[in-house]
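Okay, entry.tsv is below, TSV, C-alpha atoms:
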```
chain	number	residue	atom	x	y	z
A	221	MET	CA	46.08	32.76	51.56
A	222	ILE	CA	45.38	29.05	51.20
A	223	ALA	CA	47.65	26.88	49.06
A	224	VAL	CA	48.20	23.25	48.17
A	225	ALA	CA	51.56	21.81	49.22
A	226	GLU	CA	52.85	18.95	47.09
A	227	SER	CA	56.11	18.48	48.99
A	228	GLU	CA	58.09	19.45	52.10
A	229	THR	CA	59.87	22.04	49.95
A	230	ASP	CA	56.55	23.81	49.37
A	231	LEU	CA	55.99	23.97	53.13
A	232	SER	CA	59.33	25.75	53.57
A	233	TYR	CA	57.84	28.83	51.86
A	234	GLN	CA	55.36	29.44	54.69
A	235	GLU	CA	57.58	31.86	56.63
A	236	PRO	CA	58.47	34.11	53.63
A	237	LEU	CA	54.80	34.19	52.61
A	238	GLU	CA	53.73	35.19	56.11
A	239	ALA	CA	55.75	38.37	55.64
A	240	ILE	CA	53.38	39.26	52.78
A	241	PHE	CA	49.98	37.81	53.78
A	242	ASP	CA	48.07	38.20	57.05
A	243	ASN	CA	47.37	34.48	57.16
A	244	VAL	CA	48.98	31.56	55.30
A	245	GLU	CA	47.61	28.01	55.29
A	246	PHE	CA	49.10	25.04	53.45
A	247	PHE	CA	47.14	21.88	52.71
A	248	LYS	CA	49.31	18.86	52.01
A	249	ILE	CA	47.88	16.37	49.52
A	250	SER	CA	49.74	13.08	49.55
A	251	LYS	CA	51.18	11.74	46.31
A	252	ILE	CA	49.41	8.43	46.86
A	253	ARG	CA	46.03	10.18	47.18
A	254	SER	CA	46.77	12.23	44.03
A	255	TYR	CA	47.70	9.09	42.08
A	256	ILE	CA	44.49	7.35	43.21
A	257	ASN	CA	42.42	10.40	42.22
A	258	THR	CA	44.07	10.43	38.79
A	259	LEU	CA	43.59	6.70	38.25
A	260	LEU	CA	39.88	6.93	39.13
A	261	ALA	CA	39.49	9.92	36.79
A	262	VAL	CA	40.63	7.82	33.81
A	263	PHE	CA	37.18	6.26	33.79
A	264	GLY	CA	35.34	9.59	33.95
A	265	ARG	CA	35.27	12.90	32.04
A	266	LYS	CA	37.11	15.24	34.40
A	267	PRO	CA	40.61	16.29	33.29
A	268	LEU	CA	43.40	14.36	34.99
A	269	GLN	CA	45.13	17.69	35.74
A	270	VAL	CA	42.15	18.71	37.87
A	271	SER	CA	41.55	15.30	39.46
A	272	TYR	CA	45.15	15.09	40.64
A	273	PHE	CA	44.51	17.96	43.10
A	274	LYS	CA	41.11	16.82	44.33
A	275	SER	CA	40.72	17.20	48.11
A	276	ASN	CA	37.39	17.02	49.91
A	277	ARG	CA	39.11	18.17	53.10
A	278	LEU	CA	40.41	21.34	51.46
A	279	LYS	CA	37.09	22.06	49.78
A	280	LYS	CA	35.19	21.74	53.08
A	281	HIS	CA	37.71	23.96	54.90
A	282	LEU	CA	37.56	26.61	52.18
A	283	GLN	CA	33.75	26.67	52.16
A	284	GLU	CA	33.66	27.06	55.94
A	285	LYS	CA	36.17	29.89	55.76
A	286	ILE	CA	34.22	31.73	53.06
A	287	ALA	CA	30.99	31.38	55.07
A	288	ARG	CA	32.70	32.66	58.22
A	289	GLU	CA	34.74	35.55	56.78
A	290	ASN	CA	33.44	38.56	54.87
A	291	TYR	CA	35.85	38.64	51.91
A	292	ASN	CA	35.49	41.53	49.48
A	293	ALA	CA	37.03	39.49	46.67
A	294	ILE	CA	38.65	36.08	46.20
A	295	HIS	CA	41.52	35.35	43.82
A	296	VAL	CA	41.78	31.75	42.61
A	297	GLN	CA	45.02	30.78	40.87
A	298	HIS	CA	44.85	28.19	38.06
A	299	LEU	CA	42.12	26.08	36.53
A	300	ARG	CA	43.12	23.17	38.79
A	301	MET	CA	41.93	25.15	41.84
A	302	SER	CA	38.55	26.08	40.36
A	303	GLN	CA	37.04	22.83	41.70
A	304	PHE	CA	37.13	24.01	45.32
A	305	LEU	CA	34.32	26.57	44.98
A	306	ASN	CA	30.61	25.93	44.49
A	307	ASP	CA	28.69	28.08	42.00
A	308	ASN	CA	26.88	30.02	44.75
A	309	GLU	CA	30.26	31.09	46.21
A	310	LYS	CA	31.67	32.61	43.01
A	311	PHE	CA	29.89	35.98	42.88
A	312	ASN	CA	33.05	37.89	43.94
A	313	VAL	CA	35.70	35.48	42.65
A	314	ILE	CA	38.34	35.94	39.95
A	315	LEU	CA	39.73	32.80	38.31
A	316	ASP	CA	43.29	33.54	37.21
A	317	LEU	CA	44.03	30.74	34.74
A	318	PRO	CA	46.69	32.24	33.72
A	319	ASP	CA	46.73	30.58	30.27
A	320	ALA	CA	44.42	28.43	28.18
A	321	PHE	CA	45.23	24.99	29.56
A	322	SER	CA	43.42	23.11	26.80
A	323	LEU	CA	45.44	25.03	24.19
A	324	TYR	CA	48.64	23.87	25.88
A	325	TRP	CA	47.53	20.22	25.71
A	326	LYS	CA	46.30	20.61	22.14
A	327	ARG	CA	49.76	21.78	21.07
A	328	ARG	CA	51.38	19.06	23.16
A	329	SER	CA	49.37	16.41	21.31
A	330	GLU	CA	50.44	17.91	17.97
A	331	ASN	CA	54.12	17.65	18.95
A	332	ALA	CA	54.06	14.29	20.76
A	333	ARG	CA	57.06	12.01	20.26
A	334	ASN	CA	54.99	8.84	19.80
A	335	LYS	CA	51.42	7.60	19.35
A	336	ILE	CA	50.91	6.81	23.04
A	337	GLN	CA	51.89	10.32	24.13
A	338	GLN	CA	49.80	11.77	21.33
A	339	PHE	CA	46.71	9.81	22.42
A	340	PHE	CA	47.15	10.78	26.08
A	341	ALA	CA	47.69	14.48	25.29
A	342	TYR	CA	44.80	14.65	22.83
A	343	THR	CA	42.43	12.96	25.31
A	344	GLU	CA	43.45	15.42	28.03
A	345	TYR	CA	43.03	18.32	25.60
A	346	LYS	CA	39.42	17.31	24.84
A	347	ARG	CA	38.61	16.86	28.53
A	348	LEU	CA	40.12	20.25	29.41
A	349	LEU	CA	38.31	21.99	26.58
A	350	GLU	CA	34.94	20.70	27.79
A	351	TYR	CA	35.85	21.54	31.39
A	352	GLU	CA	36.79	25.12	30.44
A	353	LYS	CA	33.53	25.51	28.49
A	354	ARG	CA	31.56	24.37	31.51
A	355	VAL	CA	33.46	26.00	34.40
A	356	LEU	CA	34.74	29.35	33.14
A	357	PRO	CA	31.26	30.91	32.60
A	358	THR	CA	30.43	30.23	36.27
A	359	PHE	CA	33.03	32.82	37.37
A	360	PRO	CA	32.27	36.56	37.03
A	361	LEU	CA	35.77	37.14	35.65
A	362	ASN	CA	38.54	34.95	34.25
A	363	LEU	CA	42.08	36.22	33.64
A	364	VAL	CA	44.65	35.09	31.09
A	365	CYS	CA	48.12	36.46	30.44
A	366	SER	CA	48.05	36.98	26.67
A	367	ALA	CA	45.82	38.10	23.81
A	368	GLU	CA	46.34	34.73	22.14
A	369	ASP	CA	44.87	32.85	25.10
A	370	LEU	CA	42.05	35.41	25.36
A	371	LYS	CA	41.04	34.93	21.74
A	372	TYR	CA	41.20	31.14	21.99
A	373	LEU	CA	39.03	30.96	25.11
A	374	GLN	CA	36.53	33.51	23.81
A	375	GLU	CA	36.09	31.38	20.70
A	376	ASN	CA	35.55	28.25	22.80
A	377	SER	CA	33.47	29.47	25.75
A	378	LYS	CA	30.89	32.07	26.76
A	379	ALA	CA	32.95	33.26	29.73
A	380	THR	CA	33.92	36.81	30.69
A	381	ILE	CA	37.69	36.99	30.16
A	382	SER	CA	40.29	39.76	30.48
A	383	ILE	CA	44.07	40.00	30.30
A	384	LEU	CA	46.47	40.23	33.23
A	385	PRO	CA	50.01	40.12	31.79
A	386	ASN	CA	52.77	38.10	33.38
A	387	GLY	CA	55.04	40.32	35.42
A	388	VAL	CA	58.79	40.83	35.67
A	389	ASP	CA	60.74	41.99	38.70
A	390	THR	CA	62.50	44.87	36.94
A	391	ASP	CA	64.67	45.52	40.00
A	392	LEU	CA	66.21	42.05	39.63
A	393	PHE	CA	65.89	41.62	35.86
A	394	CYS	CA	67.64	44.74	34.62
A	395	LYS	CA	70.77	45.66	32.70
A	396	LYS	CA	73.96	44.66	34.52
A	397	PRO	CA	76.59	47.32	33.69
A	398	GLY	CA	79.46	45.38	35.27
A	399	ILE	CA	78.92	42.20	33.24
A	400	ILE	CA	80.24	41.81	29.69
A	401	PRO	CA	78.47	39.08	27.64
A	402	THR	CA	80.65	36.10	26.78
A	403	ARG	CA	81.46	35.96	23.07
A	404	GLY	CA	79.30	33.41	21.28
A	405	ARG	CA	77.28	32.44	24.37
A	406	VAL	CA	73.71	31.31	23.58
A	407	LEU	CA	71.31	30.67	26.48
A	408	PHE	CA	68.10	28.77	27.17
A	409	THR	CA	66.46	28.96	30.60
A	410	GLY	CA	63.58	27.19	32.31
A	411	ASN	CA	62.61	24.29	34.55
A	412	MET	CA	64.21	21.37	32.77
A	413	ASP	CA	61.69	18.75	33.83
A	414	TYR	CA	58.91	20.69	32.07
A	415	GLU	CA	57.93	19.00	28.80
A	416	PRO	CA	57.79	22.10	26.55
A	417	ASN	CA	61.31	23.07	27.70
A	418	ILE	CA	62.65	19.55	27.22
A	419	ASP	CA	61.22	19.43	23.71
A	420	ALA	CA	62.57	22.92	22.94
A	421	VAL	CA	66.20	22.20	23.85
A	422	CYS	CA	66.16	18.80	22.11
A	423	TYR	CA	64.75	20.42	18.96
A	424	PHE	CA	67.33	23.22	19.17
A	425	VAL	CA	70.29	20.86	19.68
A	426	GLU	CA	69.22	18.39	16.98
A	427	GLU	CA	68.04	20.74	14.22
A	428	ILE	CA	69.29	24.29	14.87
A	429	TRP	CA	72.58	24.14	16.78
A	430	PRO	CA	74.55	22.28	14.05
A	431	ILE	CA	73.71	25.08	11.57
A	432	ILE	CA	74.92	27.72	14.03
A	433	LEU	CA	78.17	25.87	14.74
A	434	LYS	CA	79.04	25.74	11.04
A	435	GLU	CA	79.05	29.55	10.95
A	436	VAL	CA	80.19	30.21	14.54
A	437	PRO	CA	82.41	27.25	15.57
A	438	SER	CA	83.34	28.88	18.88
A	439	ALA	CA	79.70	29.29	19.99
A	440	GLN	CA	78.61	27.75	23.31
A	441	PHE	CA	75.05	26.76	24.22
A	442	VAL	CA	74.08	26.96	27.91
A	443	ILE	CA	70.94	25.28	29.26
A	444	ALA	CA	70.26	26.86	32.66
A	445	GLY	CA	67.45	25.57	34.84
A	446	GLN	CA	66.63	23.32	37.75
A	447	ARG	CA	65.80	19.60	37.70
A	448	PRO	CA	67.23	18.64	34.27
A	449	VAL	CA	65.95	15.20	33.29
A	450	THR	CA	68.28	12.52	31.97
A	451	HIS	CA	67.31	13.27	28.37
A	452	VAL	CA	68.49	16.85	28.84
A	453	LYS	CA	71.67	15.89	30.72
A	454	ASN	CA	72.60	13.61	27.82
A	455	LEU	CA	72.75	16.64	25.50
A	456	ALA	CA	75.94	17.87	27.21
A	457	SER	CA	79.02	18.12	24.98
A	458	ASP	CA	82.04	20.32	24.31
A	459	THR	CA	79.72	23.07	23.06
A	460	ILE	CA	76.63	22.38	25.19
A	461	HIS	CA	76.59	22.97	28.97
A	462	ILE	CA	73.90	21.99	31.50
A	463	THR	CA	74.02	24.10	34.68
A	464	GLY	CA	71.20	22.69	36.78
A	465	PHE	CA	69.83	25.06	39.43
A	466	VAL	CA	71.16	28.64	39.20
A	467	GLU	CA	71.01	30.95	42.24
A	468	ASP	CA	70.59	34.17	40.22
A	469	ILE	CA	69.26	33.51	36.71
A	470	SER	CA	69.42	37.23	35.86
A	471	LEU	CA	73.23	36.94	35.74
A	472	GLU	CA	72.95	34.12	33.20
A	473	TYR	CA	70.90	36.37	30.94
A	474	ALA	CA	73.49	39.14	31.27
A	475	LYS	CA	76.38	36.80	30.37
A	476	ALA	CA	74.71	35.64	27.13
A	477	GLU	CA	74.87	37.36	23.76
A	478	VAL	CA	71.62	35.74	22.63
A	479	VAL	CA	68.76	34.00	24.45
A	480	VAL	CA	66.74	31.42	22.52
A	481	ALA	CA	63.15	30.26	23.03
A	482	PRO	CA	62.62	27.55	20.37
A	483	LEU	CA	59.33	26.34	21.88
A	484	ARG	CA	57.07	24.15	19.78
A	485	PHE	CA	54.15	23.91	22.18
A	486	GLY	CA	52.85	25.68	25.26
A	487	ALA	CA	50.50	28.58	26.00
A	488	GLY	CA	50.48	31.95	27.70
A	489	THR	CA	53.41	34.34	27.87
A	490	GLN	CA	56.93	32.97	28.26
A	491	ASN	CA	58.55	34.61	31.29
A	492	LYS	CA	62.00	33.63	30.05
A	493	VAL	CA	61.50	35.96	27.09
A	494	LEU	CA	60.31	38.87	29.23
A	495	GLU	CA	63.18	38.42	31.69
A	496	ALA	CA	65.83	38.34	28.96
A	497	ILE	CA	64.45	41.49	27.32
A	498	ALA	CA	64.41	43.24	30.72
A	499	VAL	CA	68.09	42.37	31.25
A	500	GLY	CA	68.88	43.65	27.76
A	501	THR	CA	69.77	40.41	25.98
A	502	PRO	CA	68.09	39.92	22.58
A	503	VAL	CA	65.87	36.88	22.20
A	504	VAL	CA	65.10	34.68	19.20
A	505	CYS	CA	61.66	33.04	19.49
A	506	THR	CA	59.44	30.64	17.65
A	507	GLU	CA	55.80	31.66	17.37
A	508	ILE	CA	54.93	29.89	20.64
A	509	GLY	CA	57.45	31.93	22.60
A	510	PHE	CA	56.58	35.17	20.84
A	511	LYS	CA	52.88	35.31	20.00
A	512	GLY	CA	51.58	36.00	23.50
A	513	LEU	CA	53.87	39.00	24.02
A	514	GLU	CA	52.02	41.48	21.79
A	515	LEU	CA	55.35	42.89	20.62
A	516	GLU	CA	56.58	43.63	17.14
A	517	SER	CA	59.40	41.39	15.94
A	518	GLY	CA	62.61	43.21	16.82
A	519	GLN	CA	61.25	44.83	20.00
A	520	GLY	CA	63.56	42.93	22.32
A	521	ALA	CA	62.75	39.64	20.61
A	522	ILE	CA	62.85	38.43	17.01
A	523	LEU	CA	60.30	35.97	15.63
A	524	ALA	CA	61.92	33.16	13.61
A	525	ASN	CA	60.08	29.96	12.70
A	526	GLY	CA	61.76	26.93	11.14
A	527	PRO	CA	65.26	25.57	11.93
A	528	VAL	CA	67.13	27.40	9.15
A	529	ARG	CA	65.54	30.79	9.74
A	530	PHE	CA	65.94	30.43	13.51
A	531	ALA	CA	69.61	29.48	13.17
A	532	ASN	CA	70.36	32.28	10.72
A	533	THR	CA	68.77	34.85	13.02
A	534	VAL	CA	70.92	33.67	15.94
A	535	ILE	CA	74.03	33.76	13.70
A	536	GLN	CA	73.21	37.28	12.55
A	537	LEU	CA	72.90	38.48	16.16
A	538	LEU	CA	76.13	36.75	17.22
A	539	HIS	CA	78.01	38.44	14.38
A	540	ASN	CA	76.47	41.92	14.77
A	541	GLU	CA	76.91	43.80	18.05
A	542	GLU	CA	75.05	46.84	16.74
A	543	LEU	CA	72.02	44.69	15.86
A	544	ARG	CA	72.07	43.14	19.34
A	545	ARG	CA	72.10	46.59	20.89
A	546	LYS	CA	69.28	47.84	18.64
A	547	VAL	CA	67.01	44.87	19.46
A	548	SER	CA	67.82	45.15	23.15
A	549	ASN	CA	67.10	48.87	23.43
A	550	SER	CA	63.82	48.69	21.53
A	551	GLY	CA	62.25	46.31	24.06
A	552	SER	CA	63.42	47.80	27.35
A	553	ASP	CA	60.80	50.56	27.76
A	554	ILE	CA	57.92	48.23	26.88
A	555	ILE	CA	58.91	45.70	29.53
A	556	HIS	CA	59.03	48.35	32.26
A	557	SER	CA	55.76	50.06	31.29
A	558	LYS	CA	53.67	46.98	30.53
A	559	PHE	CA	55.19	43.98	32.29
A	560	GLY	CA	56.81	45.50	35.40
A	561	TRP	CA	55.32	44.25	38.67
A	562	LYS	CA	53.95	47.69	39.59
A	563	ALA	CA	51.96	47.93	36.35
A	564	VAL	CA	50.65	44.36	36.71
A	565	ALA	CA	49.75	44.85	40.40
A	566	LEU	CA	47.72	47.98	39.62
A	567	LYS	CA	45.84	46.07	36.93
A	568	LEU	CA	45.03	43.22	39.32
A	569	GLU	CA	43.87	45.68	41.99
A	570	GLN	CA	41.52	47.20	39.44
A	571	TYR	CA	40.03	43.79	38.58
A	572	LEU	CA	39.60	42.93	42.27
A	573	ALA	CA	37.86	46.24	42.97
A	574	GLU	CA	35.48	45.76	40.02
A	575	THR	CA	34.67	42.14	40.95
A	576	GLY	CA	34.54	42.57	44.73
A	577	ARG	CA	31.58	43.63	46.78
```
Exercise: express the given structure as structure tokens:
Amino acid sequence: MIAVAESETDLSYQEPLEAIFDNVEFFKISKIRSYINTLLAVFGRKPLQVSYFKSNRLKKHLQEKIARENYNAIHVQHLRMSQFLNDNEKFNVILDLPDAFSLYWKRRSENARNKIQQFFAYTEYKRLLEYEKRVLPTFPLNLVCSAEDLKYLQENSKATISILPNGVDTDLFCKKPGIIPTRGRVLFTGNMDYEPNIDAVCYFVEEIWPIILKEVPSAQFVIAGQRPVTHVKNLASDTIHITGFVEDISLEYAKAEVVVAPLRFGAGTQNKVLEAIAVGTPVVCTEIGFKGLELESGQGAILANGPVRFANTVIQLLHNEELRRKVSNSGSDIIHSKFGWKAVALKLEQYLAETGR
């Protein structure tokens, strides 16, 4: 395994990874070098997301390693890493995207807070779209995590693409018999320096939460996730709580009566939704949080677009224990059979065997 390390924290994972892989190598790319690469890319056509991780040293090392070792198959994680392989080295390589990156930036441009952000996001979207069209067909197989991303990329490229769903650790994310959900507790989880999550909680607090409080005055909204930015911290109030990093997020799911995923942009499958369903807590999703799941509304998660409909669905669940139980039970079997790590691992092994030599 070869990975890019962006910080000293990343390097701390070497020992745990060595318990899984025969060999683990980290390549540290300095922030200054990444910033220079990005600045230079402004004047070209390559996406800034890709240019940020450019490393001639890593590319040379990887090419030497491939030439020296007889690998049956190579698994490349994310579009950003696709730049480190030449076309003649890709005959047994899988590019695991895992989502349509240009679709993410397209939606980000459509939900930008101001004209400057909109221009930046739209420009990056166009660059990524052209990059995907050019690069994806050079790999024998590309993987995405949802049918939505598959359809989008098939419409915009001539690449060979299949689905590898996101996985859930069903040993960790499972029903917790000893924990009783707190009455009126509504939960959002995610890294709180990630733009789609920041936008989601701000949208929820500004447009949805006031409607819920009118009907359920005792309700409490918990935002659980590491690295909350100042804009998120400023949302805190008597009814809104910001936890920061949580040691065991599965317990937060178990303590909530309802989990919300009011995402307005993004791509792929939202792990927060899968994890909540696995724990047995019903989820209310916008289309962005729901569409990639390939579930029917009510199978662990309920689709609700628009502030009023979203709020009313949350209110209905908070008031109706039987409905919560029904939604929870209907999604449990699907998560274990389709999104459990064992099922996902078997699927990946099949793709590697078919692509390898």
Could you check which of A:Ile381, A:Ile249, A:Ile240, A:Leu268 is closest to A:Tyr571, using only C-alpha atoms?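 Of A:Ile381, A:Ile249, A:Ile240, A:Leu268, the one nearest A:Tyr571, counting only C-alpha atoms, is A:Ile381.
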For stretch 426-441 of chain A, what centre and edge lengths in Å (one decimal) does the axis-aligned box get once 5 Å is added on each side of all its listed atoms, as lines of an AutoDock Vina configuration file?
```
center_x = 75.7
center_y = 24.3
center_z = 17.6
size_x = 25.3
size_y = 21.8
size_z = 23.3
```
Quick one, how far is atom CA of A:Trp429 from atom CA of A:Leu538?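 It comes out at 13.1 Å.
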Pick out the residues sitting within 10 Å of A:Phe510, and hand them over as a list in words; count all atoms listed in the file, and ignore anything fewer than 5 positions along from it in its own chain. Ala481, Pro482, Leu483, Gly488, Thr489, Gln490, Val493, Leu494, Val503, Val504, Cys505, Leu515, Glu516, Ser517, Ala521, Ile522, Leu523 and Ala524 of chain A
Give the answer as one residue: which of A:Leu572, A:Glu235, A:Tyr272, A:Pro502 has the shortest atom-to-atom distance to A:Glu542, using all atoms listed in the file?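 Among the listed residues, the smallest separation from A:Glu542 belongs to A:Pro502.
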Using all atoms listed in the file, which of the listed residues (A:Ala439, A:Gln303, A:Gly387, A:Ile554) sits closest to A:Val270?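 Using all atoms listed in the file, A:Val270 sits closest to A:Gln303.
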When you draw a straight line from atom CA of A:Glu477 to atom CA of A:Lys453, how long is it in Å? 22.8 Å
Could you pull the residues within 10 Å of A:Arg544, counting all atoms listed in the file, minus those fewer than 3 positions along the same chain, as a list in words?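 With the cut-off at 10 Å, the set is Glu477, Val478, Gly500, Thr501, Pro502, Val503, Gly518, Gly520, Gln536, Leu537, Leu538, His539, Asn540, Glu541, Val547, Ser548 and Asn549 of chain A.
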Since we have the selection now, will you write its residues out, keeping C-alpha atoms, as an mmCIF file, keeping the file's coordinate frame?
```
data_model
loop_
_atom_site.group_PDB
_atom_site.id
_atom_site.type_symbol
_atom_site.label_atom_id
_atom_site.label_comp_id
_atom_site.auth_asym_id
_atom_site.auth_seq_id
_atom_site.Cartn_x
_atom_site.Cartn_y
_atom_site.Cartn_z
ATOM 1 C CA GLU A 477 74.870 37.360 23.760
ATOM 2 C CA VAL A 478 71.620 35.740 22.630
ATOM 3 C CA GLY A 500 68.880 43.650 27.760
ATOM 4 C CA THR A 501 69.770 40.410 25.980
ATOM 5 C CA PRO A 502 68.090 39.920 22.580
ATOM 6 C CA VAL A 503 65.870 36.880 22.200
ATOM 7 C CA GLY A 518 62.610 43.210 16.820
ATOM 8 C CA GLY A 520 63.560 42.930 22.320
ATOM 9 C CA GLN A 536 73.210 37.280 12.550
ATOM 10 C CA LEU A 537 72.900 38.480 16.160
ATOM 11 C CA LEU A 538 76.130 36.750 17.220
ATOM 12 C CA HIS A 539 78.010 38.440 14.380
ATOM 13 C CA ASN A 540 76.470 41.920 14.770
ATOM 14 C CA GLU A 541 76.910 43.800 18.050
ATOM 15 C CA VAL A 547 67.010 44.870 19.460
ATOM 16 C CA SER A 548 67.820 45.150 23.150
ATOM 17 C CA ASN A 549 67.100 48.870 23.430
#
```
May I have the protein, DNA and RNA residues with an atom at most 12 Å from (30.4, 36.2, 27.5), counting all atoms listed in the file in the file's coordinates, returned as a list in words? Lys353, Leu356, Pro357, Thr358, Phe359, Pro360, Leu361, Asn362, Leu370, Leu373, Gln374, Glu375, Asn376, Ser377, Lys378, Ala379, Thr380, Ile381 and Ser382 of chain A
Could you list, as a PyMOL selection string, every residue within 7 Å of stretch 299-301 of chain A, counting only C-alpha atoms and ignoring same-chain residues fewer than 5 positions away? chain A and resi 269-270+273+317
Let me make sure I understand: among A:Ser438, A:Lys395, A:Leu433, A:His461, which one has the smallest atom-to-atom distance to A:Arg545 if we use only C-alpha atoms?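 Going through A:Ser438, A:Lys395, A:Leu433, A:His461 one by one, the smallest distance to A:Arg545 is for A:Lys395.
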Can you work out the spacing between atom CA of A:Ala573 and atom CA of A:Phe311 in Å, to one decimal?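 These two atoms are separated by 13.0 Å.
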